[in-house]
Amino acid sequence: MTTNKPGFATLAIHAGAQPDPTTGARATPIYQTTSFVFNDTDHAASLFGLQAFGNIYTRIMNPTQAVLEERVAALEGGTAALAVASGHAAQLLVFHTIMRPGDNFVAARKLYGGSINQFGHAFKSFDWQVRWADPADPSSFESQIDDRTRAIFVESLANPGGTFVDIAAIAEIAHRHGLPLVVDNTMATPYLVRPLEHGADIVVHSLTKFMGGHGNSMGGIIVDGGTFDWSASGKYPALSEPRPDYAGIVLHATFGNFAFAIACRVLGLRDFGPSISPFNAFQILTGIETLPLRMQRHCDNALAVAKWLKGQDKVAWVNYPGLEDDANHVLQQRYSPKGAGAVFTFGLKGGYESGKRFVEGLEMFSHLANIGDTRSLVIHPSSTTHRQLSEEQQVAAGAGPEVVRLSVGLEDVADIIADLEQALGKA
């Protein structure tokens with residue numbers, strides 16, 4: 001393009017893409033194929049032996065997927081990325097790459113309910129143990145670390161509470177102990193926060209949410225920051241020791257600052273198979289082209305809605321860092337000066353039953369488990385996404401009985417507020 005570094009909006013449209021060399025198609029084609037023809041037997045052997053880059057099988061890689069990976073890596077400032085079927089799949093592959101039976105990791109207590117369930121229950125099948133820490137108190141992460149700890153995990157902007165985390169402080173703790181910091185950046189997107197710039201080593205996303213933005217395609221991604229030394233401690237043998245399945249290759253020595261993304265692809269995606277479909281990759285790519293425009297409108301609408309809710313008699317509290325009197329406002333200004341995101345919670349004075357009645361009374365809002373859609377969305381976490389948790393665990397996760405979570409969409413803000421107002425009258 002030019003010698004100048006492209007801006008965020010330019011990268012959102014162009015990174016990783018070029019006109020199709022055969023047809024001249026400007027939009028990235030959907031390569032709806034299961035497999036790819038080899039030039040000859042030597043070419044095939046070099047691909048399978050990780051001696052050359054190229055396409056083998058869509059379970060492992062696909063040209064449409066590759067554009068998505070390059071684009072998100074560019075937006076996050078990473079060295080490489082791996083797109084997969086969902087955010088949960090991304091988390092599974094990250095931990096499969098760095099954990100062994102009996103290992104543990106430290107995670108922020110305020111996370112998406114599905115992540116709490118995955119970490120606390122499903123991961124036990126692999127004998128991976130999670131230790132919970134308070135994201136508002138970085139020292140609580142350090143107190144949980146021992147010689148079997150392999151990572152620290154946080155959300156940059158917590159779901160459902162909509163609170164920012166001091167990434168730099170937690171990164172300093174992780175690196176002091178020779179551990180990578182993994183940050184889920186789903187709620188903020190790189191438009192608002194770029195965790196790698198604050199010390200994170202790995203970024204994951206559910207692309208299903210704001211990155212795709214239209215509620216039509218599932219996807220997840222892992223971004224390699226390229227800064228962590230996987231060979232320094234001996235804690236990460238998948239990257240630092242010879243691989244018997246690849247003729248003794250040492251992945252970190254061979255691939256350097258994008259070795260983690262390679263390891264997730266050739267050790268995790270290859271064997272577990274949570275592949276993203278080419279069609280979903282295309283849909284998410286199209287959504288990312290408008291990411292900066294959408295995220296700013298989301299933030300502007302959410303701030304207006306939060307201010308309005310604060311003035312309502314039936315509302316006990318509003319938790320939105322964009323409000324100047326919010327306890328999380330200082331962190332929001334430090335990490336995300338362009339806005340505080342579109343997802344936040346508030347509490348109804350009537351508690352659990354009022355929360356249910358309010359959600360059922362909304363007309364324009366859609367009652368569902370997703371966030372990050374163009375449409376305004378709502379859920380009562382205590383009776384849905386966090387229902388599997390005890391009340392004590394729900395409160396700790398920011399999803400107590402009175403809590404309602406909004407994902408504020410792109411409609412006219414006056415219409416959003418009007419729908420909230422009539423539903424409050426029924427609560």
# chains A, B, ... in the order shown; residues from 1 in each chain; ligands from 1
$ select_by_dssp --residues "region 126-190 of chain A" --states "strand (DSSP E or B)" --output "PDB file with N, CA and C atoms, in the first residue's frame"
ATOM      1  N   GLN A 129      -6.535 -28.206  36.406  1.00  0.00           N
ATOM      2  CA  GLN A 129      -7.212 -27.584  37.535  1.00  0.00           C
ATOM      3  C   GLN A 129      -7.207 -26.066  37.394  1.00  0.00           C
ATOM      4  N   VAL A 130      -8.343 -25.439  37.709  1.00  0.00           N
ATOM      5  CA  VAL A 130      -8.424 -23.978  37.702  1.00  0.00           C
ATOM      6  C   VAL A 130      -8.423 -23.468  39.128  1.00  0.00           C
ATOM      7  N   ARG A 131      -7.746 -22.344  39.327  1.00  0.00           N
ATOM      8  CA  ARG A 131      -7.745 -21.649  40.611  1.00  0.00           C
ATOM      9  C   ARG A 131      -8.271 -20.240  40.372  1.00  0.00           C
ATOM     10  N   TRP A 132      -9.249 -19.849  41.167  1.00  0.00           N
ATOM     11  CA  TRP A 132      -9.942 -18.587  40.909  1.00  0.00           C
ATOM     12  C   TRP A 132      -9.298 -17.435  41.671  1.00  0.00           C
ATOM     13  N   ALA A 133      -9.262 -16.275  41.027  1.00  0.00           N
ATOM     14  CA  ALA A 133      -8.701 -15.070  41.633  1.00  0.00           C
ATOM     15  C   ALA A 133      -9.642 -13.902  41.384  1.00  0.00           C
ATOM     16  N   THR A 149       1.626 -24.385  38.051  1.00  0.00           N
ATOM     17  CA  THR A 149       0.829 -23.372  37.352  1.00  0.00           C
ATOM     18  C   THR A 149       1.441 -23.114  35.983  1.00  0.00           C
ATOM     19  N   ARG A 150       0.600 -23.041  34.960  1.00  0.00           N
ATOM     20  CA  ARG A 150       1.096 -22.892  33.595  1.00  0.00           C
ATOM     21  C   ARG A 150       0.587 -21.642  32.880  1.00  0.00           C
ATOM     22  N   ALA A 151      -0.361 -20.914  33.444  1.00  0.00           N
ATOM     23  CA  ALA A 151      -0.869 -19.720  32.767  1.00  0.00           C
ATOM     24  C   ALA A 151      -1.767 -18.933  33.706  1.00  0.00           C
ATOM     25  N   ILE A 152      -2.012 -17.681  33.333  1.00  0.00           N
ATOM     26  CA  ILE A 152      -3.034 -16.843  33.958  1.00  0.00           C
ATOM     27  C   ILE A 152      -4.010 -16.437  32.856  1.00  0.00           C
ATOM     28  N   PHE A 153      -5.304 -16.443  33.190  1.00  0.00           N
ATOM     29  CA  PHE A 153      -6.355 -16.161  32.205  1.00  0.00           C
ATOM     30  C   PHE A 153      -7.288 -15.087  32.741  1.00  0.00           C
ATOM     31  N   VAL A 154      -7.547 -14.058  31.938  1.00  0.00           N
ATOM     32  CA  VAL A 154      -8.508 -13.008  32.301  1.00  0.00           C
ATOM     33  C   VAL A 154      -9.290 -12.596  31.056  1.00  0.00           C
ATOM     34  N   GLU A 155     -10.389 -11.911  31.276  1.00  0.00           N
ATOM     35  CA  GLU A 155     -11.090 -11.215  30.201  1.00  0.00           C
ATOM     36  C   GLU A 155     -10.731  -9.736  30.294  1.00  0.00           C
ATOM     37  N   LEU A 157     -12.409  -7.207  29.255  1.00  0.00           N
ATOM     38  CA  LEU A 157     -13.665  -6.568  29.644  1.00  0.00           C
ATOM     39  C   LEU A 157     -14.612  -7.698  30.016  1.00  0.00           C
ATOM     40  N   PHE A 164     -13.467  -3.549  33.433  1.00  0.00           N
ATOM     41  CA  PHE A 164     -12.137  -3.685  32.852  1.00  0.00           C
ATOM     42  C   PHE A 164     -11.165  -4.268  33.870  1.00  0.00           C
ATOM     43  N   LEU A 181       0.342 -14.788  29.961  1.00  0.00           N
ATOM     44  CA  LEU A 181      -0.971 -14.223  30.266  1.00  0.00           C
ATOM     45  C   LEU A 181      -1.856 -14.381  29.039  1.00  0.00           C
ATOM     46  N   VAL A 182      -2.978 -15.072  29.225  1.00  0.00           N
ATOM     47  CA  VAL A 182      -3.969 -15.284  28.170  1.00  0.00           C
ATOM     48  C   VAL A 182      -5.137 -14.346  28.431  1.00  0.00           C
ATOM     49  N   VAL A 183      -5.510 -13.550  27.442  1.00  0.00           N
ATOM     50  CA  VAL A 183      -6.593 -12.574  27.600  1.00  0.00           C
ATOM     51  C   VAL A 183      -7.698 -12.834  26.583  1.00  0.00           C
ATOM     52  N   ASP A 184      -8.897 -13.015  27.084  1.00  0.00           N
ATOM     53  CA  ASP A 184     -10.084 -13.089  26.237  1.00  0.00           C
ATOM     54  C   ASP A 184     -10.521 -11.661  25.935  1.00  0.00           C
TER      55      ASP A 184
END
$ residues_around --residues "Val84 (chain A)" --least-positions-apart "3" --cutoff "12 Å" --atoms "only C-alpha atoms" --output "MDAnalysis selection string"
chainID A and resid 58:62 65:66 68:69 81 87:94 204:208 217:223 261 264:265 268:270 272:278 280:281 284
$ closest_atom_pairs --of "region 329-377 of chain A" --to "region 411-427 of chain A" --cutoff "6 Å" --atoms "only C-alpha atoms" --output "JSON lines"
{"residue": "A:Ser354", "atom": "CA", "partner": "A:Ala427", "partner_atom": "CA", "distance": 4.9}
{"residue": "A:Arg357", "atom": "CA", "partner": "A:Ala427", "partner_atom": "CA", "distance": 5.1}
{"residue": "A:Phe358", "atom": "CA", "partner": "A:Ala427", "partner_atom": "CA", "distance": 4.7}
{"residue": "A:Gly361", "atom": "CA", "partner": "A:Ala423", "partner_atom": "CA", "distance": 4.8}
{"residue": "A:Leu362", "atom": "CA", "partner": "A:Ala423", "partner_atom": "CA", "distance": 5.1}
$ write_last_selection --atoms "C-alpha atoms" --output "short mmCIF file (atom, residue, chain, number, x, y, z; two decimals), in the first residue's frame"
data_model
loop_
_atom_site.label_atom_id
_atom_site.label_comp_id
_atom_site.auth_asym_id
_atom_site.auth_seq_id
_atom_site.Cartn_x
_atom_site.Cartn_y
_atom_site.Cartn_z
CA SER A 354 -38.50 -8.60 38.69
CA ARG A 357 -40.63 -10.02 34.33
CA PHE A 358 -38.52 -7.21 32.89
CA GLY A 361 -41.73 -7.50 28.95
CA LEU A 362 -39.25 -6.21 26.38
#
$ closest_residue --among "A:Pro195, A:Thr22, A:Phe95, A:Asn216" --to "Ala238 (chain A)" --atoms "only C-alpha atoms"
A:Phe95
$ residues_around --residues "region 324-332 of chain A" --least-positions-apart "6" --cutoff "10 Å" --atoms "only C-alpha atoms" --output "MDAnalysis selection string"
chainID A and resid 136 157 162:167 192:193 318 338:341
$ residues_around --residues "Pro160 (chain A)" --least-positions-apart "5" --cutoff "7 Å" --atoms "only C-alpha atoms" --output "list in words"
Tyr112, Phe344, Thr345, Gly398, Ala399 and Arg405 of chain A
$ residues_around --residues "Gln296 (chain A)" --least-positions-apart "2" --cutoff "10 Å" --atoms "only C-alpha atoms" --output "PyMOL selection string"
chain A and resi 191-192+291-294+298-302+338-342+410
$ write_last_selection --atoms "N, CA and C atoms" --output "compact mmCIF listing (two decimals), in the first residue's frame"
# COMPACT_ATOMS: atom_id res chain seq x y z
N TYR A 191 -10.57 -2.95 18.66
CA TYR A 191 -10.91 -1.53 18.45
C TYR A 191 -10.82 -0.76 19.76
N LEU A 192 -11.22 -1.39 20.86
CA LEU A 192 -11.20 -0.72 22.16
C LEU A 192 -9.93 -1.03 22.95
N LEU A 291 -16.11 -3.19 11.73
CA LEU A 291 -15.91 -3.24 13.18
C LEU A 291 -15.72 -1.87 13.82
N PRO A 292 -14.82 -1.00 13.31
CA PRO A 292 -14.64 0.28 14.00
C PRO A 292 -15.89 1.15 14.01
N LEU A 293 -16.66 1.13 12.94
CA LEU A 293 -17.90 1.90 12.90
C LEU A 293 -18.92 1.35 13.88
N ARG A 294 -19.06 0.03 13.88
CA ARG A 294 -20.05 -0.58 14.76
C ARG A 294 -19.69 -0.40 16.23
N HIS A 298 -21.95 1.22 19.12
CA HIS A 298 -22.33 0.41 20.28
C HIS A 298 -22.00 1.16 21.57
N CYS A 299 -20.79 1.69 21.65
CA CYS A 299 -20.35 2.37 22.87
C CYS A 299 -21.18 3.63 23.14
N ASP A 300 -21.42 4.40 22.10
CA ASP A 300 -22.20 5.63 22.26
C ASP A 300 -23.62 5.33 22.73
N ASN A 301 -24.26 4.34 22.13
CA ASN A 301 -25.60 3.97 22.54
C ASN A 301 -25.63 3.44 23.98
N ALA A 302 -24.64 2.59 24.31
CA ALA A 302 -24.61 2.01 25.65
C ALA A 302 -24.44 3.07 26.73
N LYS A 338 -11.70 5.08 24.00
CA LYS A 338 -12.71 5.30 22.95
C LYS A 338 -14.11 4.90 23.37
N GLY A 339 -14.22 4.15 24.47
CA GLY A 339 -15.54 3.74 24.91
C GLY A 339 -15.47 2.58 25.87
N ALA A 340 -16.60 2.30 26.53
CA ALA A 340 -16.64 1.27 27.57
C ALA A 340 -17.35 0.01 27.13
N GLY A 341 -17.53 -0.16 25.83
CA GLY A 341 -18.18 -1.37 25.34
C GLY A 341 -19.68 -1.26 25.32
N ALA A 342 -20.33 -2.33 24.88
CA ALA A 342 -21.78 -2.32 24.69
C ALA A 342 -22.52 -3.22 25.66
N LEU A 410 -27.39 -1.35 17.67
CA LEU A 410 -27.14 -0.19 16.80
C LEU A 410 -28.41 0.54 16.40
$ residues_around --residues "Asp103 (chain A)" --least-positions-apart "2" --cutoff "12 Å" --atoms "only C-alpha atoms" --output "PyMOL selection string"
chain A and resi 95-101+105-106+123-124+126-131+145-151+235-236
$ write_last_selection --atoms "C-alpha atoms" --output "PDB file, in the first residue's frame"
ATOM      1  CA  PHE A  95      -4.820 -24.978  27.281  1.00  0.00           C
ATOM      2  CA  HIS A  96      -4.237 -28.285  25.470  1.00  0.00           C
ATOM      3  CA  THR A  97      -1.013 -26.788  24.107  1.00  0.00           C
ATOM      4  CA  ILE A  98       0.368 -25.587  27.441  1.00  0.00           C
ATOM      5  CA  MET A  99      -1.109 -27.980  30.032  1.00  0.00           C
ATOM      6  CA  ARG A 100      -0.396 -31.548  31.091  1.00  0.00           C
ATOM      7  CA  PRO A 101      -2.387 -33.729  33.546  1.00  0.00           C
ATOM      8  CA  PHE A 105      -3.911 -22.226  35.762  1.00  0.00           C
ATOM      9  CA  VAL A 106      -5.187 -19.147  37.560  1.00  0.00           C
ATOM     10  CA  PHE A 123     -11.298 -29.382  32.044  1.00  0.00           C
ATOM     11  CA  LYS A 124     -11.296 -31.773  35.009  1.00  0.00           C
ATOM     12  CA  PHE A 126      -8.045 -33.687  31.375  1.00  0.00           C
ATOM     13  CA  ASP A 127      -6.902 -33.267  35.001  1.00  0.00           C
ATOM     14  CA  TRP A 128      -6.376 -29.554  34.419  1.00  0.00           C
ATOM     15  CA  GLN A 129      -7.212 -27.584  37.535  1.00  0.00           C
ATOM     16  CA  VAL A 130      -8.424 -23.978  37.702  1.00  0.00           C
ATOM     17  CA  ARG A 131      -7.745 -21.649  40.611  1.00  0.00           C
ATOM     18  CA  ILE A 145       0.631 -19.723  41.718  1.00  0.00           C
ATOM     19  CA  ASP A 146       2.718 -22.815  42.433  1.00  0.00           C
ATOM     20  CA  ASP A 147       5.224 -24.973  40.517  1.00  0.00           C
ATOM     21  CA  ARG A 148       2.436 -26.652  38.495  1.00  0.00           C
ATOM     22  CA  THR A 149       0.829 -23.372  37.352  1.00  0.00           C
ATOM     23  CA  ARG A 150       1.096 -22.892  33.595  1.00  0.00           C
ATOM     24  CA  ALA A 151      -0.869 -19.720  32.767  1.00  0.00           C
ATOM     25  CA  LYS A 235       7.273 -26.070  31.562  1.00  0.00           C
ATOM     26  CA  TYR A 236       5.969 -26.236  27.981  1.00  0.00           C
TER      27      TYR A 236
END
$ closest_residue --among "A:Arg243, A:Arg194, A:His380, A:His175" --to "Gly49 (chain A)" --atoms "only C-alpha atoms"
A:Arg243
$ closest_residue --among "A:Leu267, A:Val404, A:Ala171, A:Ala9" --to "Lys349 (chain A)" --atoms "only C-alpha atoms"
A:Val404
$ atom_distance --atom1 "CA of Thr10 (chain A)" --atom2 "CA of Ala168 (chain A)"
27.4 Å
$ select_by_dssp --residues "region 199-419 of chain A" --states "helix (DSSP H, G or I)" --output "VMD selection string"
chain A and resid 237 to 240 244 to 246 251 to 272 278 to 288 291 to 310 329 to 335 351 to 361 381 to 383 391 to 396 413 to 419
$ atom_distance --atom1 "CA of Gly287 (chain A)" --atom2 "CA of Val266 (chain A)"
27.6 Å
$ atom_distance --atom1 "CA of Gly311 (chain A)" --atom2 "CA of Gly347 (chain A)"
12.8 Å
$ residues_around --residues "Val378 (chain A)" --least-positions-apart "5" --cutoff "7 Å" --atoms "only C-alpha atoms" --output "list in words"
Val359, Phe365, Ser366, His367, Leu368, Arg405, Leu406 and Ser407 of chain A
$ write_last_selection --atoms "C-alpha atoms" --output "short mmCIF file (atom, residue, chain, number, x, y, z; two decimals), in the first residue's frame"
data_model
loop_
_atom_site.label_atom_id
_atom_site.label_comp_id
_atom_site.auth_asym_id
_atom_site.auth_seq_id
_atom_site.Cartn_x
_atom_site.Cartn_y
_atom_site.Cartn_z
CA VAL A 359 -36.88 -9.46 30.32
CA PHE A 365 -34.82 -6.41 22.59
CA SER A 366 -34.18 -10.06 21.79
CA HIS A 367 -34.02 -12.42 24.77
CA LEU A 368 -31.15 -14.77 23.97
CA ARG A 405 -27.39 -8.00 31.23
CA LEU A 406 -27.85 -5.79 28.19
CA SER A 407 -25.97 -5.94 24.91
#
$ closest_residue --among "A:Thr384, A:Ala396, A:Pro29, A:Pro180" --to "Gly161 (chain A)" --atoms "only C-alpha atoms"
A:Ala396
$ closest_residue --among "A:Ile116, A:Ala73, A:Ala253, A:Ala17" --to "Gln393 (chain A)" --atoms "only C-alpha atoms"
A:Ile116
$ decode --residues "region 9-32 of chain A" --atoms "C-alpha atoms" --output "PDB file, in the first residue's frame"
ATOM      1  CA  ALA A   9     -10.011   0.875   9.819  1.00  0.00           C
ATOM      2  CA  THR A  10      -7.756   0.188   6.841  1.00  0.00           C
ATOM      3  CA  LEU A  11      -6.538  -3.067   8.378  1.00  0.00           C
ATOM      4  CA  ALA A  12     -10.111  -4.087   9.188  1.00  0.00           C
ATOM      5  CA  ILE A  13     -10.904  -3.936   5.467  1.00  0.00           C
ATOM      6  CA  HIS A  14      -7.655  -4.991   3.793  1.00  0.00           C
ATOM      7  CA  ALA A  15      -5.405  -7.031   6.104  1.00  0.00           C
ATOM      8  CA  GLY A  16      -4.706 -10.524   4.776  1.00  0.00           C
ATOM      9  CA  ALA A  17      -6.776 -10.051   1.603  1.00  0.00           C
ATOM     10  CA  GLN A  18      -5.976  -9.441  -2.049  1.00  0.00           C
ATOM     11  CA  PRO A  19      -7.898  -9.886  -5.290  1.00  0.00           C
ATOM     12  CA  ASP A  20      -8.195 -13.530  -6.295  1.00  0.00           C
ATOM     13  CA  PRO A  21      -5.252 -14.161  -8.667  1.00  0.00           C
ATOM     14  CA  THR A  22      -7.270 -16.440 -10.977  1.00  0.00           C
ATOM     15  CA  THR A  23     -10.608 -14.631 -11.304  1.00  0.00           C
ATOM     16  CA  GLY A  24      -9.837 -11.138 -10.054  1.00  0.00           C
ATOM     17  CA  ALA A  25     -12.620 -11.383  -7.474  1.00  0.00           C
ATOM     18  CA  ARG A  26     -12.289  -8.499  -5.027  1.00  0.00           C
ATOM     19  CA  ALA A  27     -14.110 -10.099  -2.079  1.00  0.00           C
ATOM     20  CA  THR A  28     -12.332 -13.020  -0.443  1.00  0.00           C
ATOM     21  CA  PRO A  29     -13.689 -16.214  -2.052  1.00  0.00           C
ATOM     22  CA  ILE A  30     -15.337 -18.932  -0.003  1.00  0.00           C
ATOM     23  CA  TYR A  31     -13.120 -21.946  -0.634  1.00  0.00           C
ATOM     24  CA  GLN A  32     -15.829 -24.503   0.057  1.00  0.00           C
TER      25      GLN A  32
END
